[in-house]
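Data block for target.tsv (TSV, C-alpha atoms):
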```tsv
chain	number	residue	atom	x	y	z
A	1	MET	CA	108.54	114.13	100.55
A	2	GLY	CA	111.52	113.95	98.20
A	3	ARG	CA	112.58	115.86	95.12
A	4	PRO	CA	110.63	114.47	92.12
A	5	THR	CA	107.73	116.59	90.87
A	6	SER	CA	105.63	113.60	89.86
A	7	PHE	CA	104.69	110.21	91.22
A	8	CYS	CA	105.90	107.15	89.28
A	9	ARG	CA	106.50	107.92	85.62
A	10	PRO	CA	103.82	106.56	83.29
A	11	LEU	CA	104.21	103.36	81.32
A	12	ALA	CA	105.40	105.31	78.31
A	13	SER	CA	106.19	108.93	77.53
A	14	LYS	CA	106.95	110.95	74.42
A	15	THR	CA	110.60	111.26	75.41
A	16	GLU	CA	111.52	107.61	75.95
A	17	THR	CA	111.64	104.43	73.92
A	18	ARG	CA	108.44	102.49	74.31
A	19	CYS	CA	110.15	99.43	75.72
A	20	VAL	CA	107.27	99.05	78.15
A	21	GLU	CA	104.55	98.87	75.54
A	22	LEU	CA	101.41	97.06	76.68
A	23	PRO	CA	101.46	93.52	75.21
A	24	LYS	CA	98.55	92.84	72.88
A	25	VAL	CA	97.46	89.84	74.92
A	26	PHE	CA	96.41	92.23	77.70
A	27	THR	CA	93.54	93.59	75.65
A	28	THR	CA	91.74	90.30	76.17
A	29	SER	CA	92.70	88.02	79.04
A	30	SER	CA	93.78	90.68	81.54
A	31	HIS	CA	90.66	92.71	80.91
A	32	LEU	CA	88.60	89.73	82.02
A	33	LYS	CA	90.64	89.34	85.19
A	34	GLY	CA	90.20	92.91	86.40
A	35	ILE	CA	93.59	94.51	85.76
A	36	TYR	CA	93.37	95.92	82.22
A	37	HIS	CA	91.95	99.29	83.33
A	38	ALA	CA	94.43	99.47	86.20
A	39	ILE	CA	97.29	99.01	83.75
A	40	LYS	CA	95.88	101.65	81.40
A	41	ALA	CA	95.53	104.09	84.33
A	42	SER	CA	99.30	103.77	84.82
A	43	GLU	CA	99.78	105.62	81.53
A	44	TYR	CA	98.75	108.90	83.16
A	45	GLU	CA	101.33	111.03	84.93
A	46	ILE	CA	100.02	112.72	88.06
A	47	LYS	CA	101.95	115.87	89.01
A	48	ARG	CA	102.69	115.71	92.70
A	49	ASP	CA	101.39	118.30	95.15
A	50	ASP	CA	103.48	117.91	98.30
A	51	GLU	CA	101.60	120.61	100.21
A	52	LEU	CA	98.25	118.93	99.62
A	53	ILE	CA	99.56	115.48	100.61
A	54	LEU	CA	101.12	116.84	103.82
A	55	GLU	CA	98.00	118.81	104.80
A	56	LEU	CA	95.87	115.70	104.34
A	57	ALA	CA	98.34	113.55	106.29
A	58	ASN	CA	98.26	116.11	109.11
A	59	ARG	CA	94.52	115.41	109.45
A	60	TRP	CA	94.91	111.62	109.37
A	61	CYS	CA	93.89	109.48	112.35
A	62	SER	CA	95.78	106.18	112.45
A	63	LYS	CA	93.35	104.64	114.97
A	64	THR	CA	90.39	104.92	112.59
A	65	ASN	CA	92.23	105.25	109.25
A	66	THR	CA	90.20	108.35	108.41
A	67	PHE	CA	90.80	112.04	107.78
A	68	VAL	CA	89.27	114.10	110.59
A	69	PHE	CA	88.08	117.56	109.54
A	70	PRO	CA	86.13	120.09	111.62
A	71	TRP	CA	83.00	119.07	109.68
A	72	GLY	CA	83.36	115.30	109.83
A	73	GLU	CA	85.32	112.20	108.89
A	74	THR	CA	86.21	111.03	105.41
A	75	THR	CA	88.64	108.51	104.01
A	76	LEU	CA	89.82	106.62	100.97
A	77	THR	CA	87.73	103.51	100.51
A	78	LEU	CA	87.88	100.43	98.33
A	79	GLU	CA	85.45	102.21	96.01
A	80	ASP	CA	87.96	105.03	95.46
A	81	THR	CA	90.71	102.52	94.72
A	82	LYS	CA	88.45	100.71	92.25
A	83	VAL	CA	87.01	103.75	90.47
A	84	CYS	CA	90.05	106.05	90.37
A	85	PHE	CA	92.67	103.51	89.31
A	86	GLY	CA	90.79	100.40	88.23
A	87	PHE	CA	92.07	98.01	90.91
A	88	SER	CA	89.75	95.07	91.43
A	89	VAL	CA	87.86	94.71	94.70
A	90	LEU	CA	86.96	91.12	93.85
A	91	GLY	CA	89.25	88.14	93.64
A	92	CYS	CA	91.67	86.24	95.83
A	93	SER	CA	94.13	87.71	98.31
A	94	VAL	CA	97.57	88.91	97.19
A	95	SER	CA	98.97	86.30	99.58
A	96	THR	CA	97.42	83.42	97.61
A	97	PRO	CA	100.20	80.90	96.85
A	98	ILE	CA	100.83	79.35	93.47
A	99	MET	CA	99.72	75.75	93.29
A	100	ASN	CA	100.68	73.53	90.35
A	101	SER	CA	103.99	72.56	88.74
A	102	GLU	CA	103.38	74.57	85.57
A	103	GLN	CA	102.99	77.76	87.58
A	104	LYS	CA	106.07	76.97	89.65
A	105	GLU	CA	108.06	76.39	86.45
A	106	ALA	CA	107.04	79.84	85.17
A	107	GLU	CA	108.03	81.39	88.48
A	108	GLU	CA	111.42	79.69	88.34
A	109	GLU	CA	112.06	81.23	84.88
A	110	LEU	CA	111.42	84.66	86.39
A	111	PHE	CA	113.82	83.90	89.25
A	112	GLU	CA	116.42	82.71	86.72
A	113	ALA	CA	116.16	86.04	84.85
A	114	ARG	CA	116.47	87.90	88.15
A	115	ARG	CA	119.59	85.93	89.09
A	116	MET	CA	121.11	86.81	85.71
A	117	PHE	CA	120.71	90.53	86.44
A	118	ASN	CA	122.03	90.15	89.98
A	119	SER	CA	125.21	88.54	88.64
A	120	SER	CA	125.77	91.40	86.17
A	121	ARG	CA	127.97	94.45	86.79
A	122	ALA	CA	124.96	96.45	88.04
A	123	LYS	CA	124.28	93.87	90.80
A	124	LYS	CA	120.58	94.74	90.76
A	125	VAL	CA	117.50	94.15	88.61
A	126	ASN	CA	116.78	97.51	87.04
A	127	GLN	CA	113.18	97.90	85.82
A	128	PHE	CA	114.16	99.52	82.52
A	129	ALA	CA	116.74	96.82	81.78
A	130	TRP	CA	114.23	94.11	82.76
A	131	MET	CA	111.66	95.30	80.24
A	132	LYS	CA	114.25	95.87	77.53
A	133	HIS	CA	115.46	92.29	78.03
A	134	PHE	CA	112.00	90.74	77.68
A	135	MET	CA	110.40	93.04	75.09
A	136	ASN	CA	110.00	91.14	71.77
A	137	SER	CA	112.22	88.37	73.15
A	138	GLU	CA	109.63	85.69	72.38
A	139	SER	CA	110.25	84.41	75.88
A	140	LYS	CA	107.61	82.11	77.30
A	141	VAL	CA	107.32	84.46	80.28
A	142	GLU	CA	107.17	87.81	78.43
A	143	HIS	CA	103.58	88.22	79.62
A	144	GLU	CA	104.63	87.52	83.21
A	145	ALA	CA	107.67	89.80	82.94
A	146	PHE	CA	105.51	92.77	82.00
A	147	LEU	CA	103.22	92.16	84.98
A	148	VAL	CA	106.23	91.90	87.29
A	149	TYR	CA	107.43	95.28	86.04
A	150	TRP	CA	104.01	96.89	86.41
A	151	LEU	CA	103.41	95.52	89.92
A	152	SER	CA	106.92	96.52	91.06
A	153	ARG	CA	106.70	100.07	89.73
A	154	PHE	CA	103.07	101.16	90.00
A	155	VAL	CA	101.25	98.93	92.47
A	156	PHE	CA	103.63	97.76	95.22
A	157	PRO	CA	106.81	99.83	94.91
A	158	ALA	CA	109.18	99.24	97.83
A	159	ASP	CA	112.81	99.36	98.95
A	160	SER	CA	114.11	100.91	95.75
A	161	TYR	CA	112.28	102.99	93.21
A	162	ASP	CA	113.54	101.31	90.04
A	163	THR	CA	114.16	97.65	90.91
A	164	ILE	CA	112.19	94.49	90.21
A	165	LEU	CA	110.66	92.90	93.31
A	166	LYS	CA	110.60	89.12	93.70
A	167	SER	CA	107.74	89.46	96.19
A	168	VAL	CA	105.32	90.14	93.32
A	169	PHE	CA	106.21	86.94	91.43
A	170	PRO	CA	103.40	84.81	92.99
A	171	ILE	CA	100.82	87.53	92.24
A	172	THR	CA	102.06	87.69	88.66
A	173	ILE	CA	101.82	83.93	88.17
A	174	ASN	CA	98.31	83.78	89.60
A	175	LEU	CA	97.13	86.62	87.35
A	176	THR	CA	98.74	85.08	84.29
A	177	TYR	CA	97.11	81.69	84.87
A	178	GLY	CA	93.63	83.10	85.29
A	179	THR	CA	93.28	83.66	89.02
A	180	ARG	CA	91.64	86.97	89.72
A	181	ILE	CA	93.53	88.88	92.43
A	182	ALA	CA	91.94	91.64	94.51
A	183	LEU	CA	94.58	94.35	94.24
A	184	ALA	CA	92.37	97.13	95.67
A	185	PRO	CA	92.54	96.04	99.35
A	186	ALA	CA	96.31	95.51	99.20
A	187	VAL	CA	96.91	98.91	97.59
A	188	LEU	CA	94.61	100.62	100.08
A	189	ALA	CA	96.39	98.94	103.01
A	190	SER	CA	99.74	100.33	101.84
A	191	VAL	CA	98.24	103.82	101.49
A	192	TYR	CA	96.78	103.63	105.02
A	193	ARG	CA	100.14	102.44	106.36
A	194	ASP	CA	102.10	105.30	104.82
A	195	LEU	CA	99.53	107.93	105.77
A	196	SER	CA	99.95	106.82	109.39
A	197	LEU	CA	103.73	106.94	109.00
A	198	LEU	CA	103.61	110.42	107.50
A	199	ASN	CA	101.21	111.64	110.18
A	200	SER	CA	103.51	110.30	112.90
A	201	ILE	CA	106.51	112.07	111.42
A	202	ILE	CA	104.58	115.35	111.18
A	203	LYS	CA	103.44	115.09	114.81
A	204	ASN	CA	106.94	114.19	116.04
A	205	ASN	CA	108.45	117.17	114.20
A	206	ALA	CA	105.94	119.79	115.24
A	207	THR	CA	108.64	122.48	115.48
A	208	ILE	CA	109.70	121.93	111.86
A	209	THR	CA	107.74	123.44	108.98
A	210	MET	CA	106.07	120.86	106.77
A	211	LYS	CA	107.90	122.24	103.73
A	212	SER	CA	111.23	121.22	105.25
A	213	LEU	CA	110.18	117.65	106.04
A	214	ARG	CA	111.99	114.88	104.18
A	215	VAL	CA	110.47	111.41	104.28
A	216	THR	CA	110.37	108.43	101.92
A	217	ILE	CA	107.06	106.70	101.36
A	218	TRP	CA	106.42	103.87	98.91
A	219	ALA	CA	102.64	103.54	98.63
A	220	PRO	CA	101.03	104.87	95.39
A	221	PHE	CA	100.08	108.26	96.87
A	222	GLN	CA	98.74	109.49	93.55
A	223	LEU	CA	95.57	107.77	94.76
A	224	VAL	CA	95.43	110.13	97.77
A	225	GLN	CA	95.88	113.17	95.58
A	226	VAL	CA	93.32	112.15	92.98
A	227	TRP	CA	90.88	111.29	95.79
A	228	ALA	CA	91.20	114.86	97.09
A	229	LEU	CA	90.89	116.44	93.65
A	230	GLU	CA	87.75	114.42	92.93
A	231	ARG	CA	86.03	115.41	96.17
A	232	PHE	CA	87.15	118.93	97.17
A	233	LEU	CA	85.62	121.45	94.77
A	234	GLY	CA	87.98	124.18	95.98
A	235	LEU	CA	90.98	122.21	94.66
A	236	ARG	CA	89.68	121.67	91.15
A	237	HIS	CA	91.10	123.44	88.14
A	238	GLY	CA	90.21	120.95	85.42
A	239	LEU	CA	87.99	118.01	84.60
A	240	PRO	CA	87.49	115.45	87.38
A	241	ASN	CA	88.67	111.84	86.82
A	242	VAL	CA	92.09	110.26	86.55
A	243	ALA	CA	92.50	111.01	82.84
A	244	GLY	CA	91.55	114.64	83.51
A	245	TRP	CA	94.21	115.03	86.22
A	246	GLY	CA	96.92	113.25	84.21
A	247	GLY	CA	99.68	115.67	83.22
A	248	GLU	CA	97.98	118.64	84.88
A	249	LYS	CA	100.33	120.98	86.73
A	250	MET	CA	99.18	121.51	90.30
A	251	MET	CA	98.44	125.17	90.96
A	252	LYS	CA	99.62	126.87	94.16
A	253	ASN	CA	96.67	127.23	96.55
A	254	LYS	CA	97.13	130.00	99.11
A	255	ASN	CA	93.90	129.00	100.88
A	256	LEU	CA	94.56	125.24	101.02
A	257	LYS	CA	94.03	124.83	104.78
A	258	LYS	CA	90.81	126.84	104.66
A	259	ASP	CA	89.54	124.96	101.61
A	260	LEU	CA	90.07	121.63	103.40
A	261	ASP	CA	88.70	122.62	106.81
A	262	CYS	CA	85.65	124.50	105.52
A	263	ALA	CA	84.66	122.32	102.56
A	264	GLY	CA	81.96	120.47	104.47
A	265	PHE	CA	80.40	123.70	105.69
A	266	ARG	CA	80.20	125.20	102.20
A	267	ASP	CA	78.88	122.13	100.39
A	268	GLU	CA	82.26	121.98	98.64
A	269	PHE	CA	83.00	118.35	99.54
A	270	LEU	CA	81.46	115.77	97.21
A	271	TRP	CA	80.41	112.69	99.14
A	272	LYS	CA	79.52	110.85	95.92
A	273	PRO	CA	81.74	112.29	93.15
A	274	TYR	CA	81.82	109.37	90.73
A	275	GLU	CA	79.12	109.58	88.08
A	276	ASN	CA	80.28	106.31	86.57
A	277	SER	CA	81.06	104.55	89.82
A	278	SER	CA	79.45	101.26	90.62
A	279	CYS	CA	76.28	101.30	88.56
A	280	ILE	CA	74.24	100.85	91.71
A	281	GLU	CA	72.32	104.00	92.63
A	282	VAL	CA	71.57	104.07	96.34
A	283	TYR	CA	69.19	106.97	95.77
A	284	ASN	CA	67.68	108.69	92.76
A	285	GLU	CA	64.67	110.74	91.70
A	286	LYS	CA	62.41	107.65	91.75
A	287	ASP	CA	63.42	106.73	95.33
A	288	MET	CA	64.72	103.33	94.28
A	289	TRP	CA	67.96	101.36	94.29
A	290	LYS	CA	68.86	100.69	90.69
A	291	CYS	CA	71.54	98.76	88.85
A	292	ASP	CA	71.76	98.99	85.06
A	293	ASN	CA	74.93	96.93	84.75
A	294	PRO	CA	74.49	93.57	82.99
A	295	CYS	CA	77.17	92.17	85.34
A	296	LEU	CA	74.76	92.50	88.26
A	297	TYR	CA	76.33	89.85	90.50
A	298	GLU	CA	79.78	91.38	90.16
A	299	GLU	CA	78.57	94.91	90.89
A	300	LEU	CA	76.63	93.77	93.95
A	301	SER	CA	79.63	91.77	95.16
A	302	SER	CA	81.98	94.73	94.68
A	303	PHE	CA	79.58	97.10	96.43
A	304	SER	CA	79.17	94.73	99.39
A	305	ARG	CA	82.94	94.36	99.73
A	306	CYS	CA	83.35	98.15	99.78
A	307	LEU	CA	80.90	98.30	102.72
A	308	MET	CA	82.41	95.44	104.72
A	309	VAL	CA	84.18	96.43	107.95
A	310	CYS	CA	87.44	94.52	108.04
A	311	ASP	CA	90.01	94.01	110.81
A	312	GLU	CA	92.68	92.85	108.41
A	313	LEU	CA	93.02	94.65	105.11
A	314	VAL	CA	96.04	92.65	103.94
A	315	GLY	CA	98.72	94.37	101.89
A	316	MET	CA	102.31	93.53	100.99
A	317	GLY	CA	103.94	93.23	104.38
A	318	CYS	CA	101.24	95.16	106.22
A	319	LYS	CA	97.76	94.78	107.68
A	320	GLU	CA	95.36	97.67	108.26
A	321	LYS	CA	91.86	98.15	109.62
A	322	TYR	CA	89.07	99.19	107.24
A	323	PHE	CA	86.11	101.13	108.70
A	324	PRO	CA	83.68	102.17	105.92
A	325	HIS	CA	80.85	102.55	108.49
A	326	ARG	CA	82.58	105.73	109.66
A	327	VAL	CA	82.05	107.35	106.23
A	328	ALA	CA	78.58	106.07	105.30
A	329	MET	CA	77.72	109.25	103.36
A	330	GLN	CA	80.44	108.34	100.86
A	331	PHE	CA	78.24	105.36	99.97
A	332	GLY	CA	75.02	107.40	99.79
A	333	MET	CA	73.78	106.41	103.24
A	334	ASP	CA	73.01	108.31	106.45
A	335	GLN	CA	75.90	108.60	108.88
A	336	ASP	CA	75.23	107.19	112.33
A	337	ILE	CA	77.51	106.96	115.36
A	338	PRO	CA	80.36	104.62	114.32
A	339	GLY	CA	79.93	102.20	117.21
A	340	GLU	CA	80.51	98.48	117.48
A	341	VAL	CA	79.84	96.52	114.29
A	342	SER	CA	80.37	92.97	113.14
A	343	VAL	CA	83.98	92.78	111.98
A	344	CYS	CA	85.58	90.33	109.59
A	345	LYS	CA	88.70	89.42	111.60
A	346	ASN	CA	90.55	87.42	108.95
A	347	ASP	CA	91.46	88.22	105.37
A	348	PRO	CA	88.09	87.77	103.58
A	349	TRP	CA	89.79	87.63	100.20
A	350	MET	CA	91.58	84.38	101.06
A	351	SER	CA	88.35	82.44	100.48
A	352	ASP	CA	86.98	84.51	97.62
A	353	SER	CA	85.88	82.87	94.39
A	354	GLU	CA	84.82	83.99	90.95
A	355	PRO	CA	81.25	85.30	90.41
A	356	LEU	CA	78.87	82.43	89.79
A	357	ALA	CA	76.88	84.06	87.00
A	358	LEU	CA	76.28	87.21	85.03
A	359	VAL	CA	72.66	88.34	85.12
A	360	ASP	CA	71.19	90.80	82.66
A	361	PHE	CA	68.36	92.75	84.29
A	362	ASP	CA	67.67	95.90	86.32
A	363	LEU	CA	67.61	95.74	90.10
A	364	CYS	CA	65.06	97.97	91.82
A	365	ILE	CA	64.65	98.00	95.60
A	366	GLU	CA	62.51	100.45	97.53
A	367	CYS	CA	64.73	102.93	99.32
A	368	CYS	CA	64.66	106.29	101.15
A	369	PHE	CA	63.40	109.47	99.51
A	370	ARG	CA	66.23	111.89	100.26
A	371	LEU	CA	69.93	112.52	99.91
A	372	PRO	CA	72.16	111.15	102.69
A	373	GLY	CA	72.77	113.16	105.84
A	374	VAL	CA	73.59	112.49	109.49
A	375	THR	CA	71.37	111.08	112.21
A	376	SER	CA	70.37	113.20	115.20
A	377	ARG	CA	72.42	111.12	117.62
A	378	TYR	CA	75.47	111.37	115.36
A	379	TYR	CA	75.07	115.14	115.43
A	380	ASP	CA	74.99	115.11	119.24
A	381	TRP	CA	77.98	112.75	119.38
A	382	TRP	CA	80.04	114.88	116.98
A	383	LYS	CA	79.11	118.03	118.90
A	384	LYS	CA	80.37	116.53	122.15
A	385	SER	CA	83.56	115.25	120.54
A	386	LYS	CA	84.37	118.70	119.15
A	387	SER	CA	83.60	120.47	122.44
A	388	SER	CA	85.82	118.12	124.45
A	389	PRO	CA	89.25	119.39	125.69
A	390	GLY	CA	91.30	120.36	122.65
A	391	GLY	CA	88.21	121.04	120.55
A	392	ASP	CA	87.73	124.25	118.60
A	393	ASN	CA	84.81	126.31	119.93
A	394	ASN	CA	84.80	128.58	116.90
A	395	THR	CA	84.29	125.54	114.69
A	396	MET	CA	81.57	124.21	116.95
A	397	GLU	CA	79.09	126.97	116.06
A	398	ILE	CA	79.38	126.12	112.36
A	399	ILE	CA	79.02	122.38	112.99
A	400	ASN	CA	75.90	123.06	115.04
A	401	PHE	CA	74.28	125.03	112.23
A	402	THR	CA	75.21	122.60	109.46
A	403	CYS	CA	74.11	119.41	111.21
A	404	ILE	CA	70.75	120.85	112.25
A	405	ILE	CA	69.98	121.50	108.59
A	406	LEU	CA	70.82	117.89	107.75
A	407	CYS	CA	68.77	116.52	110.63
A	408	ASN	CA	65.74	118.65	109.78
A	409	SER	CA	65.80	117.21	106.26
A	410	VAL	CA	65.20	113.71	107.63
```
Take the structure I supplied and represent it as structure tokens, if you would.
Amino acid sequence: MGRPTSFCRPLASKTETRCVELPKVFTTSSHLKGIYHAIKASEYEIKRDDELILELANRWCSKTNTFVFPWGETTLTLEDTKVCFGFSVLGCSVSTPIMNSEQKEAEEELFEARRMFNSSRAKKVNQFAWMKHFMNSESKVEHEAFLVYWLSRFVFPADSYDTILKSVFPITINLTYGTRIALAPAVLASVYRDLSLLNSIIKNNATITMKSLRVTIWAPFQLVQVWALERFLGLRHGLPNVAGWGGEKMMKNKNLKKDLDCAGFRDEFLWKPYENSSCIEVYNEKDMWKCDNPCLYEELSSFSRCLMVCDELVGMGCKEKYFPHRVAMQFGMDQDIPGEVSVCKNDPWMSDSEPLALVDFDLCIECCFRLPGVTSRYYDWWKKSKSSPGGDNNTMEIINFTCIILCNSV
């Protein structure tokens, strides 16, 4: 996994000059366009746990883009990307082109700055030098320059850890000129891609211990680690949430494999860990759906996007499948057999538009009167899948017991 002990360094630390200070303009315009909280989340340093990442990758299925445990399937969803790191689910695709001459002029200024660095002795556009050049320069594109830095380092890092990427220029221009961009699906696609890559390398090097593996991955894998810390109770040693995990040293876990593979049997996996997730409650003590958020349309739109099965989750240079129906319990719903469903075959974010209105009232819809579980036919299907050749018979007895309890609660 490489030598560093952390993922990308935060936007500023106590030991370095704050040349990457958040511009004041971001406290207003960017907040409205869905990236302010994502930028603020970049200020937290997540200590890397290679063993945890590798154990999770070893349980990854690239055909379904899910983790497969003895007790069921789980995965990172758009909701996790939105809640844990503040990336917007709503907005236009990252592949949306810039349109007018003013935007193209701003992009050309960024290219001109990049050419200046390329012609220097360093022959590359170093991120630190880029920010130092633009900070307090009164340049017309200082705002854009900061976004280019942030996207290159924390959102879509690639090729080289500390260089500025020209591929993020169109995204930057669109964000700067008021176009909301859905970063969540693009980030999630890159995480899926690299989990499949890491899983493939692990499988192809079965004779090598995972500790000795060396592989370079570029997706923001701090999302994978925080996802696990939020959901697996056996891994927790502090307060859940991104701010709580920031700066925390990861403790050695001698029972990591057991904690992962038995979590579902011990009620130590949280299907719905986010108390302040989307303000839509799929179930509660009054047996109603409820939404207390004044931005009702936006919350409903976000929630529906998180549930939408998608054939093309478009990232930067990659496309991945998104199957939330395989992890329905993560959305507070009963899990049924993940069979054929209506799939959005093209990038749905290409035609997305801004919410039409903000409505201020509570939404209450009659709903079921219990916590989510699994259906009887899912239980039978899972039982057969685990008892097929290569299945673990010792695990089967525990699955049998657990799923019967869930089915009897229906």
- Tell me, as JSON, numbers by chain, which residues lie within 9 Å of A:Phe67, counting all atoms listed in the file; anything in the same chain fewer than 6 positions away does not count. {"A": [56, 57, 58, 59, 60, 61, 73, 74, 75, 76]}
- Item | 12 Å contact set for stretch 108-114 of chain A, all atoms listed in the file, chain neighbours under 4 positions out, as a PyMOL selection string | chain A and resi 98+101-104+118-120+123-127+129-131+133-134+139-149+163-170+172-173
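Every protein or nucleic acid residue with an atom no more than 10 Å from A:Lys63, counting only C-alpha atoms and leaving out same-chain residues fewer than 5 positions away, appears here: Ser196, Glu320 and Lys321 of chain A.
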- Query: atom CA of A:Ala328 to atom CA of A:Cys262: how many Å, to one decimal?
  - Reply: 19.7 Å
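Here atom CA of A:Phe87 stands at a distance of 11.5 Å from atom CA of A:Phe154.
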- Query: What residues have an atom no more than 12 Å from (104.6, 105.8, 110.3) in the file's own frame, counting all atoms listed in the file, and can you write them as number ranges by chain?
  - Reply: A: 57, 60-62, 190-204, 215-218, 318
